[in-house]
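Student: Sharing upload.txt (compact mmCIF, C-alpha atoms) below.
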# COMPACT_ATOMS: atom_id res chain seq x y z
CA MET N 1 -30.05 -35.80 -95.11
CA ASN N 2 -29.48 -38.03 -98.15
CA ILE N 3 -28.89 -41.03 -95.88
CA MET N 4 -32.10 -40.27 -94.00
CA ASP N 5 -34.05 -40.04 -97.26
CA PHE N 6 -32.59 -43.39 -98.36
CA ASN N 7 -33.58 -45.06 -95.09
CA VAL N 8 -37.11 -43.65 -95.30
CA LYS N 9 -37.51 -44.91 -98.85
CA LYS N 10 -36.17 -48.35 -97.88
CA LEU N 11 -38.56 -48.61 -94.94
CA ALA N 12 -41.45 -47.58 -97.18
CA ALA N 13 -40.47 -50.22 -99.77
CA ASP N 14 -40.18 -52.91 -97.12
CA ALA N 15 -43.57 -51.95 -95.69
CA GLY N 16 -45.09 -52.08 -99.15
CA THR N 17 -43.60 -55.54 -99.80
CA PHE N 18 -44.84 -56.82 -96.45
CA LEU N 19 -48.34 -55.47 -97.09
CA SER N 20 -48.39 -56.99 -100.57
CA ARG N 21 -47.42 -60.40 -99.19
CA ALA N 22 -50.00 -60.15 -96.41
CA VAL N 23 -52.77 -59.32 -98.86
CA GLN N 24 -51.75 -62.16 -101.20
CA PHE N 25 -51.57 -64.67 -98.33
CA THR N 26 -55.00 -63.62 -97.01
CA GLU N 27 -56.64 -63.83 -100.42
CA GLU N 28 -55.14 -67.30 -100.97
CA LYS N 29 -56.61 -68.48 -97.67
CA LEU N 30 -60.00 -67.06 -98.68
CA GLY N 31 -59.78 -68.69 -102.10
CA GLN N 32 -59.77 -65.32 -103.88
CA ALA N 33 -56.28 -65.57 -105.40
CA GLU N 34 -54.29 -68.16 -107.31
CA LYS N 35 -51.25 -69.80 -105.78
CA THR N 36 -48.10 -71.02 -107.50
CA GLU N 37 -47.59 -74.66 -106.53
CA LEU N 38 -44.15 -76.11 -105.88
CA ASP N 39 -43.08 -79.02 -108.07
CA ALA N 40 -43.73 -82.52 -106.72
CA HIS N 41 -40.03 -83.31 -106.17
CA LEU N 42 -39.53 -80.23 -104.00
CA GLU N 43 -42.70 -81.00 -102.02
CA ASN N 44 -41.43 -84.53 -101.36
CA LEU N 45 -38.09 -83.16 -100.17
CA LEU N 46 -39.83 -80.73 -97.83
CA SER N 47 -41.99 -83.53 -96.42
CA LYS N 48 -38.91 -85.71 -95.89
CA ALA N 49 -37.11 -82.90 -94.08
CA GLU N 50 -40.06 -82.28 -91.75
CA CYS N 51 -40.36 -86.00 -91.01
CA THR N 52 -36.62 -86.21 -90.30
CA LYS N 53 -36.77 -83.25 -87.95
CA LEU N 54 -39.82 -84.60 -86.09
CA TRP N 55 -38.42 -88.09 -85.45
CA THR N 56 -34.89 -86.87 -84.77
CA GLU N 57 -36.27 -84.71 -81.95
CA LYS N 58 -38.30 -87.60 -80.52
CA VAL N 59 -35.41 -90.08 -80.66
CA MET N 60 -33.02 -87.52 -79.18
CA LYS N 61 -35.32 -86.61 -76.27
CA GLN N 62 -36.15 -90.22 -75.44
CA THR N 63 -32.46 -91.17 -75.57
CA GLU N 64 -31.77 -88.41 -73.06
CA VAL N 65 -34.51 -89.83 -70.81
CA LEU N 66 -32.99 -93.31 -71.15
CA LEU N 67 -29.52 -92.12 -70.23
CA GLN N 68 -30.66 -89.75 -67.47
CA PRO N 69 -34.13 -90.62 -66.06
CA ASN N 70 -34.03 -87.74 -63.54
CA PRO N 71 -35.74 -84.69 -65.17
CA ASN N 72 -34.14 -82.27 -62.70
CA ALA N 73 -30.68 -83.57 -63.57
CA ARG N 74 -31.47 -83.22 -67.28
CA MET N 75 -32.60 -79.62 -66.74
CA GLU N 76 -29.43 -78.84 -64.80
CA GLU N 77 -27.27 -80.29 -67.59
CA PHE N 78 -29.24 -78.26 -70.16
CA VAL N 79 -28.65 -75.01 -68.24
CA TYR N 80 -24.94 -75.68 -67.86
CA GLU N 81 -24.72 -76.50 -71.56
CA LYS N 82 -26.40 -73.22 -72.52
CA LEU N 83 -24.03 -71.36 -70.20
CA ASP N 84 -21.13 -73.20 -71.84
CA ARG N 85 -20.02 -74.53 -68.47
CA LYS N 86 -19.24 -78.05 -67.33
CA ALA N 87 -21.90 -79.60 -65.11
CA PRO N 88 -20.64 -80.77 -61.69
CA SER N 89 -20.00 -84.49 -61.41
CA ARG N 90 -22.67 -86.33 -59.45
CA VAL N 91 -22.83 -89.86 -58.01
CA ASN N 92 -25.21 -91.98 -60.09
CA ASN N 93 -27.75 -94.42 -58.63
CA PRO N 94 -25.69 -97.66 -59.01
CA GLU N 95 -22.67 -95.99 -57.40
CA LEU N 96 -24.82 -94.66 -54.53
CA LEU N 97 -26.40 -98.08 -53.97
CA GLY N 98 -22.97 -99.69 -54.08
CA GLN N 99 -21.59 -97.35 -51.44
CA HIS N 100 -24.57 -98.02 -49.14
CA MET N 101 -24.07 -101.77 -49.57
CA ILE N 102 -20.37 -101.50 -48.75
CA ASP N 103 -21.05 -99.37 -45.67
CA ALA N 104 -23.73 -101.82 -44.51
CA GLY N 105 -21.41 -104.80 -45.09
CA ASN N 106 -18.66 -103.19 -43.03
CA GLU N 107 -21.18 -102.41 -40.28
CA PHE N 108 -22.44 -106.01 -40.14
CA GLY N 109 -18.90 -107.34 -40.34
CA PRO N 110 -16.89 -108.42 -43.41
CA GLY N 111 -16.38 -111.80 -41.72
CA THR N 112 -20.11 -112.61 -41.80
CA ALA N 113 -21.74 -114.17 -44.84
CA TYR N 114 -24.24 -111.34 -45.20
CA GLY N 115 -21.69 -108.59 -44.63
CA ASN N 116 -19.24 -110.14 -47.08
CA ALA N 117 -22.00 -110.55 -49.68
CA LEU N 118 -23.08 -106.92 -49.27
CA ILE N 119 -19.52 -105.68 -49.80
CA LYS N 120 -19.07 -107.79 -52.92
CA CYS N 121 -22.45 -106.63 -54.29
CA GLY N 122 -21.59 -103.02 -53.49
CA GLU N 123 -18.27 -103.24 -55.34
CA THR N 124 -20.07 -104.71 -58.35
CA GLN N 125 -22.72 -101.97 -58.26
CA LYS N 126 -20.00 -99.31 -58.27
CA ARG N 127 -18.39 -100.94 -61.31
CA ILE N 128 -21.79 -100.91 -63.03
CA GLY N 129 -22.11 -97.24 -62.12
CA ALA N 130 -18.75 -96.50 -63.74
CA ALA N 131 -19.83 -98.38 -66.87
CA ASP N 132 -23.10 -96.42 -66.87
CA ARG N 133 -21.16 -93.15 -66.71
CA GLU N 134 -18.99 -94.23 -69.64
CA LEU N 135 -22.09 -95.16 -71.68
CA ILE N 136 -23.65 -91.74 -71.09
CA GLN N 137 -20.48 -89.94 -72.13
CA THR N 138 -19.97 -92.05 -75.25
CA ALA N 139 -23.63 -91.78 -76.30
CA ALA N 140 -23.63 -88.00 -75.78
CA ILE N 141 -20.58 -87.52 -78.00
CA ASN N 142 -21.24 -90.08 -80.73
CA PHE N 143 -25.05 -90.03 -80.94
CA LEU N 144 -26.83 -87.15 -79.22
CA THR N 145 -24.48 -84.38 -80.34
CA PRO N 146 -24.83 -85.14 -84.10
CA LEU N 147 -28.62 -85.28 -83.77
CA ARG N 148 -28.67 -81.99 -81.87
CA ASN N 149 -26.36 -80.38 -84.44
CA PHE N 150 -28.83 -81.29 -87.19
CA ILE N 151 -31.80 -79.79 -85.31
CA GLU N 152 -29.99 -76.62 -84.25
CA GLY N 153 -27.88 -76.19 -87.37
CA ASP N 154 -28.85 -77.79 -90.68
CA TYR N 155 -32.59 -77.77 -90.11
CA LYS N 156 -32.59 -74.13 -88.98
CA THR N 157 -30.85 -73.24 -92.25
CA ILE N 158 -33.44 -75.22 -94.20
CA THR N 159 -36.25 -73.46 -92.31
CA ARG N 160 -34.77 -70.04 -93.05
CA GLU N 161 -34.37 -70.77 -96.77
CA ARG N 162 -37.84 -72.29 -96.91
CA LYS N 163 -39.30 -69.10 -95.43
CA LEU N 164 -37.46 -67.06 -98.05
CA LEU N 165 -38.92 -69.36 -100.73
CA GLN N 166 -42.40 -68.75 -99.33
CA ASN N 167 -41.85 -64.98 -99.47
CA LYS N 168 -40.56 -65.16 -103.05
CA ARG N 169 -43.62 -67.18 -104.04
CA LEU N 170 -45.94 -64.61 -102.46
CA ASP N 171 -44.07 -61.84 -104.33
CA LEU N 172 -44.44 -63.75 -107.59
CA ASP N 173 -48.16 -64.41 -107.14
CA ALA N 174 -48.78 -60.82 -106.05
CA ALA N 175 -47.01 -59.60 -109.22
CA LYS N 176 -49.14 -61.98 -111.33
CA THR N 177 -52.28 -60.60 -109.66
CA ARG N 178 -51.27 -57.04 -110.43
CA LEU N 179 -50.55 -58.04 -114.04
CA ARG N 180 -54.05 -59.49 -114.42
CA LYS N 181 -55.58 -56.32 -113.01
CA ALA N 182 -53.49 -53.95 -115.18
CA LYS N 183 -55.60 -52.30 -117.90
CA VAL N 184 -53.27 -49.65 -119.33
CA ALA N 185 -50.53 -50.85 -121.69
CA GLU N 186 -47.84 -49.00 -119.78
CA ALA N 187 -48.98 -50.55 -116.52
CA ARG N 188 -49.07 -53.98 -118.10
CA ALA N 189 -45.51 -53.61 -119.39
CA ALA N 190 -44.28 -52.64 -115.93
CA SER N 191 -46.19 -55.57 -114.36
CA GLU N 192 -44.76 -58.02 -116.89
CA GLN N 193 -41.26 -56.84 -116.04
CA GLU N 194 -42.07 -57.23 -112.33
CA VAL N 195 -43.35 -60.79 -112.94
CA ARG N 196 -40.18 -61.76 -114.81
CA ILE N 197 -37.98 -60.48 -111.98
CA ALA N 198 -40.14 -62.20 -109.32
CA GLN N 199 -40.13 -65.44 -111.30
CA SER N 200 -36.33 -65.34 -111.60
CA GLU N 201 -35.90 -64.74 -107.86
CA PHE N 202 -38.40 -67.47 -107.03
CA ASP N 203 -36.65 -70.00 -109.29
CA ARG N 204 -33.28 -69.12 -107.80
CA GLN N 205 -34.55 -69.53 -104.23
CA ALA N 206 -36.30 -72.80 -105.14
CA GLU N 207 -32.98 -74.17 -106.42
CA ILE N 208 -31.15 -73.13 -103.25
CA THR N 209 -33.83 -74.77 -101.10
CA ARG N 210 -33.79 -77.92 -103.23
CA LEU N 211 -30.02 -78.32 -102.88
CA LEU N 212 -30.26 -77.99 -99.10
CA LEU N 213 -33.12 -80.47 -98.91
CA GLU N 214 -31.29 -83.04 -101.00
CA GLY N 215 -28.65 -83.06 -98.28
CA ILE N 216 -31.17 -84.84 -96.01
CA SER N 217 -30.12 -88.15 -97.56
CA SER N 218 -26.54 -87.46 -96.45
CA THR N 219 -27.89 -86.59 -93.01
CA HIS N 220 -29.62 -89.98 -92.81
CA ALA N 221 -26.38 -91.72 -93.75
CA HIS N 222 -24.49 -89.78 -91.07
CA HIS N 223 -27.13 -90.54 -88.43
CA LEU N 224 -26.96 -94.21 -89.37
CA ARG N 225 -23.24 -94.26 -88.55
CA CYS N 226 -24.01 -92.49 -85.27
CA LEU N 227 -26.71 -95.05 -84.51
CA ASN N 228 -24.20 -97.86 -85.06
CA ASP N 229 -21.84 -96.15 -82.60
CA PHE N 230 -24.67 -95.91 -80.05
CA VAL N 231 -25.56 -99.58 -80.44
CA GLU N 232 -21.91 -100.54 -80.04
CA ALA N 233 -21.67 -98.44 -76.87
CA GLN N 234 -24.79 -100.14 -75.48
CA MET N 235 -23.43 -103.56 -76.42
CA THR N 236 -20.18 -102.81 -74.57
CA TYR N 237 -22.11 -101.54 -71.54
CA TYR N 238 -24.43 -104.55 -71.28
CA ALA N 239 -21.55 -106.97 -71.88
CA GLN N 240 -19.62 -105.35 -69.04
CA CYS N 241 -22.64 -105.48 -66.73
CA TYR N 242 -23.27 -109.12 -67.61
CA GLN N 243 -19.65 -110.02 -66.88
CA TYR N 244 -19.70 -108.12 -63.59
CA MET N 245 -22.87 -109.92 -62.48
CA LEU N 246 -21.54 -113.27 -63.66
CA ASP N 247 -18.41 -112.81 -61.57
CA LEU N 248 -20.54 -111.71 -58.60
CA GLN N 249 -22.78 -114.75 -58.93
CA LYS N 250 -19.75 -117.03 -58.87
CA GLN N 251 -18.45 -115.31 -55.74
CA LEU N 252 -21.81 -115.59 -53.99
CA GLY N 253 -22.18 -119.23 -55.05
CA SER N 254 -19.79 -120.34 -52.32
CA PHE N 255 -21.80 -118.70 -49.52
CA PRO N 256 -24.38 -121.45 -48.76
CA SER N 257 -21.69 -123.92 -47.66
CA THR N 258 -20.21 -121.42 -45.17
CA PHE N 259 -23.41 -119.70 -44.09
CA LEU N 260 -23.83 -121.63 -40.83
CA ALA N 261 -20.21 -121.24 -39.80
CA ASN N 262 -20.32 -117.51 -40.50
CA ASN N 263 -23.49 -117.15 -38.45
CA ASN N 264 -21.79 -118.89 -35.52
CA GLN N 265 -18.87 -116.48 -35.84
CA SER N 266 -21.19 -113.46 -35.81
CA THR N 267 -22.99 -114.84 -32.72
CA THR N 268 -19.67 -115.15 -30.90
CA THR N 269 -18.68 -111.54 -31.67
CA CYS N 270 -21.93 -110.22 -30.18
CA VAL N 271 -21.33 -111.78 -26.68
CA PRO N 272 -20.74 -109.26 -23.79
CA SER N 273 -17.12 -108.43 -22.97
CA SER N 274 -17.01 -109.94 -19.44
CA SER N 275 -14.05 -112.34 -19.29
CA ASN N 276 -15.87 -115.22 -17.59
CA THR N 277 -18.93 -114.85 -19.78
CA THR N 278 -16.78 -114.59 -22.90
CA THR N 279 -14.84 -117.75 -22.03
CA ALA N 280 -17.99 -119.74 -21.31
CA ALA N 281 -19.83 -118.43 -24.37
CA SER N 282 -16.82 -119.06 -26.60
CA SER N 283 -16.58 -122.66 -25.36
CA VAL N 284 -20.28 -123.24 -26.02
CA SER N 285 -20.05 -121.55 -29.42
CA VAL N 286 -17.01 -123.57 -30.52
CA THR N 287 -18.62 -126.79 -29.31
CA ALA N 288 -21.86 -126.01 -31.14
CA SER N 289 -19.95 -125.00 -34.25
CA LEU N 290 -17.90 -128.19 -34.31
CA SER N 291 -21.02 -130.25 -33.68
CA SER N 292 -22.85 -128.54 -36.52
CA LEU N 293 -19.95 -128.86 -38.92
CA SER N 294 -19.64 -132.56 -38.16
CA ASN N 295 -23.30 -132.99 -39.12
CA VAL N 296 -23.03 -131.05 -42.38
CA ALA N 297 -22.50 -133.23 -45.40
CA ALA N 298 -19.92 -132.43 -48.04
CA PRO N 299 -21.21 -130.88 -51.29
CA SER N 300 -20.69 -134.22 -53.03
CA SER N 301 -23.39 -135.73 -50.74
CA PHE N 302 -26.03 -134.10 -52.94
CA GLY N 303 -24.76 -136.12 -55.87
CA GLU N 304 -24.75 -139.30 -53.78
CA LEU N 305 -28.30 -138.62 -52.63
CA LYS N 306 -29.57 -138.03 -56.17
CA SER N 307 -27.99 -141.27 -57.36
CA SER N 308 -29.53 -143.28 -54.49
CA SER N 309 -33.13 -144.13 -53.63
CA GLY N 310 -32.86 -143.15 -49.95
CA SER N 311 -33.75 -139.99 -48.06
CA ARG N 312 -31.78 -137.61 -45.81
CA LYS N 313 -32.40 -134.88 -43.31
CA ALA N 314 -31.46 -131.34 -44.39
CA ARG N 315 -31.30 -127.99 -42.64
CA VAL N 316 -32.85 -124.98 -44.45
CA LEU N 317 -30.42 -122.07 -44.83
CA TYR N 318 -32.79 -119.33 -46.06
CA ASP N 319 -36.51 -118.65 -46.28
CA TYR N 320 -37.94 -119.71 -49.63
CA ASP N 321 -41.38 -118.90 -51.08
CA ALA N 322 -42.78 -121.55 -53.43
CA ALA N 323 -43.28 -120.28 -56.97
CA ASN N 324 -46.11 -122.73 -57.69
CA SER N 325 -48.02 -125.68 -56.24
CA THR N 326 -45.27 -128.18 -57.16
CA GLU N 327 -42.77 -126.49 -54.82
CA LEU N 328 -42.50 -126.43 -51.01
CA SER N 329 -42.07 -123.17 -49.08
CA LEU N 330 -39.20 -123.20 -46.56
CA LEU N 331 -38.30 -121.43 -43.32
CA ALA N 332 -34.71 -120.78 -42.30
CA ASP N 333 -33.21 -123.24 -39.75
CA GLU N 334 -36.00 -125.81 -40.00
CA VAL N 335 -35.08 -129.45 -40.70
CA ILE N 336 -36.90 -131.35 -43.45
CA THR N 337 -36.58 -134.69 -45.20
CA VAL N 338 -35.28 -134.65 -48.76
CA TYR N 339 -34.92 -137.28 -51.46
CA SER N 340 -34.55 -137.51 -55.22
CA ILE N 341 -36.89 -138.93 -57.86
CA PRO N 342 -35.96 -140.06 -61.39
CA GLY N 343 -35.92 -137.35 -64.03
CA MET N 344 -35.70 -134.45 -61.56
CA ASP N 345 -33.57 -131.43 -62.42
CA SER N 346 -30.08 -131.52 -60.90
CA ASP N 347 -30.68 -128.30 -58.92
CA TRP N 348 -33.78 -129.62 -57.11
CA LEU N 349 -34.81 -132.29 -54.59
CA MET N 350 -38.17 -133.40 -53.22
CA GLY N 351 -38.76 -132.12 -49.69
CA GLU N 352 -41.19 -133.34 -47.01
CA ARG N 353 -42.42 -131.61 -43.87
CA GLY N 354 -45.10 -133.68 -42.14
CA ASN N 355 -47.90 -134.12 -44.68
CA GLN N 356 -46.52 -131.40 -46.98
CA LYS N 357 -44.14 -132.10 -49.81
CA GLY N 358 -42.82 -130.45 -52.94
CA LYS N 359 -39.70 -129.49 -54.87
CA VAL N 360 -36.99 -127.51 -53.05
CA PRO N 361 -33.77 -125.92 -54.42
CA ILE N 362 -30.59 -127.58 -53.17
CA THR N 363 -28.80 -124.21 -52.80
CA TYR N 364 -31.10 -123.49 -49.86
CA LEU N 365 -30.17 -126.70 -48.03
CA GLU N 366 -27.40 -128.32 -46.03
CA LEU N 367 -27.53 -132.10 -45.74
CA LEU N 368 -27.15 -133.59 -42.24
CA ASN N 369 -25.65 -136.95 -41.38
Would you mind writing the file's structure down as structure tokens?
Tutor:
Amino acid sequence: MNIMDFNVKKLAADAGTFLSRAVQFTEEKLGQAEKTELDAHLENLLSKAECTKLWTEKVMKQTEVLLQPNPNARMEEFVYEKLDRKAPSRVNNPELLGQHMIDAGNEFGPGTAYGNALIKCGETQKRIGAADRELIQTAAINFLTPLRNFIEGDYKTITRERKLLQNKRLDLDAAKTRLRKAKVAEARAASEQEVRIAQSEFDRQAEITRLLLEGISSTHAHHLRCLNDFVEAQMTYYAQCYQYMLDLQKQLGSFPSTFLANNNQSTTTCVPSSSNTTTAASSVSVTASLSSLSNVAAPSSFGELKSSSGSRKARVLYDYDAANSTELSLLADEVITVYSIPGMDSDWLMGERGNQKGKVPITYLELLN
């Protein structure tokens, strides 16, 4: 019975406190009651904390979008994180593209120029995918996790203490209002005692809140170190990707000189399996291949042509769309006339086709004798 009486009294006191705060808050909004203002330093700290929370959330969310553009995948990772379970590993886009390229290259034939190029590109894409996976993992640990810990930990504590400070201020101002309204000496004495207690509790809570808010500067310093880690992870990732693509470019650079021979090989492999037909077709193919190879100039012929004032015939290896009016569009397998003019870039020649002429890239050409 005594315990029940205590609980009833406590509930009644809590209800009275809540009602007093509600009345004070309403009267402040209506301009009918005075409000104790926080000191300027504390207001500045509160503003800094709110600003930090706002921009930390924005940076964190946009970083997540950068690392994982697929919103469904992000939602799945969020659910697994809340369930404290590890999300299943999934193939990322570069790895998927790489596998398709490798499968296509094997289908077309690793011995063909196109098939070989697809396989090499696919292997490079898979390496980029692995680097992408490593970047996501490193960024999540060293950058996103500290930001999320601040939002879900430190700032929640600040918010809770700030709410307590608001309640203590309402209690203080409500006590001051009752003191102003007290007419009897005994009532005034009780109200003065209530104001002193409320002022003490408000000052104590203000100090606790101030100490927490001053820790925001340390939070900024910590986030700066995390930002440096993120930048370093990005730098490593982009350096790896650049090196992978540089190596791939060097590997693909040798393809123009072998393109025609590889095409002849692929034509031979597509001939029907009849023994007589195969023998005849192989003879024709070998003869055509040898004839073509005898007409193809060595790579050094480009240098000889650029140093001379003459012109040569050249076979076009790939289609090329002119980027501007100074260039000449090309069609694969056509033969054009090429020559050099003084001051021209080393990677270009002048090409002529009938009445049309313009600059053409030498990597798209094979000189003929």
Student: Could you check the closest approach to Tyr339 of chain N for each of N:Lys48, N:Arg148, N:Arg204, N:Lys357 and tell me which residue wins, using only C-alpha atoms?
Tutor: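 Looking at the shortest contact to Tyr339 of chain N, the residue is N:Lys357.
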Student: Quote the spacing between atom CA of Ile151 of chain N and atom CA of Thr52 of chain N in Å to one decimal place.
Tutor: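 Rounded to one decimal, the two atoms are 9.5 Å apart.
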Student: Could you give me, as a ChimeraX atom specification, the residues within 7 Å of Leu328 of chain N, counting all atoms listed in the file and dropping anything in the same chain fewer than 6 positions from it?
Tutor: /N:322,351,357-360
Student: Produce a table with one row for each residue of segment 215-262 of chain N that has an atom at most 12 Å from any atom of segment 28-47 of chain N, each row naming the nearest atom pair and its distance in Å at one decimal; use only C-alpha atoms; arrange rows by chain and rising residue number; format as a tab-separated table.
Tutor:
residue	atom	partner	partner_atom	distance
N:Gly215	CA	N:Leu45	CA	9.6
N:Ile216	CA	N:Leu45	CA	8.2
N:Ser217	CA	N:Leu45	CA	9.8
Student: Which distance in Å separates atom CA of Trp348 of chain N and atom CA of Glu334 of chain N, to one decimal?
Tutor: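 We find that atom CA of Trp348 of chain N and atom CA of Glu334 of chain N lie 17.7 Å from each other.
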Student: Quick one: distance from atom CA of Cys121 of chain N to atom CA of Met245 of chain N in Å, one decimal?
Tutor: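 We find that atom CA of Cys121 of chain N and atom CA of Met245 of chain N lie 8.8 Å from each other.
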Student: Pick out the residues sitting within 12 Å of Lys313 of chain N, and hand them over as a PyMOL selection string; count all atoms listed in the file, and ignore anything fewer than 2 positions along from it in its own chain.
Tutor: chain N and resi 295-297+301-302+305+310-311+315-316+334-339+349-353+365-369
Student: Pick the closest to Cys226 of chain N from N:Met75, N:Leu179, N:Ala140, N:Ile197: which is it, counting all atoms listed in the file?
Tutor: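 The shortest atom-to-atom distance to Cys226 of chain N comes from N:Ala140.
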Student: Identify which of the residues N:Leu172, N:Leu67, N:Ile208, N:Leu224 lies closest to Ser191 of chain N, counting all atoms listed in the file when measuring atom-to-atom distances.
Tutor: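 Using all atoms listed in the file, Ser191 of chain N sits closest to N:Leu172.
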Student: List as a JSON list (two decimals) with C-alpha atoms, in the coordinates of the input the protein and nucleic acid residues near Leu317 of chain N, meaning an atom at most 6 Å away when all atoms listed in the file are counted, but skip any in the same chain fewer than 3 places from it.
Tutor:
[["chain", "number", "residue", "atom", "x", "y", "z"],
["N", 332, "ALA", "CA", -34.71, -120.78, -42.30],
["N", 333, "ASP", "CA", -33.21, -123.24, -39.75],
["N", 364, "TYR", "CA", -31.10, -123.49, -49.86],
["N", 365, "LEU", "CA", -30.17, -126.70, -48.03]]
Student: Restricting the calculation to all atoms listed in the file: of N:Thr138, N:Gln125, N:Ser340, N:Asn93, which residue gets closest to Leu227 of chain N?
Tutor: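 Counting all atoms listed in the file, the residue closest to Leu227 of chain N is N:Thr138.
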Student: Given the choices N:Thr219, N:Gln356, N:Gln251, N:Ser307, which gets closest to Leu118 of chain N if the distance is worked out from only C-alpha atoms?
Tutor: N:Gln251
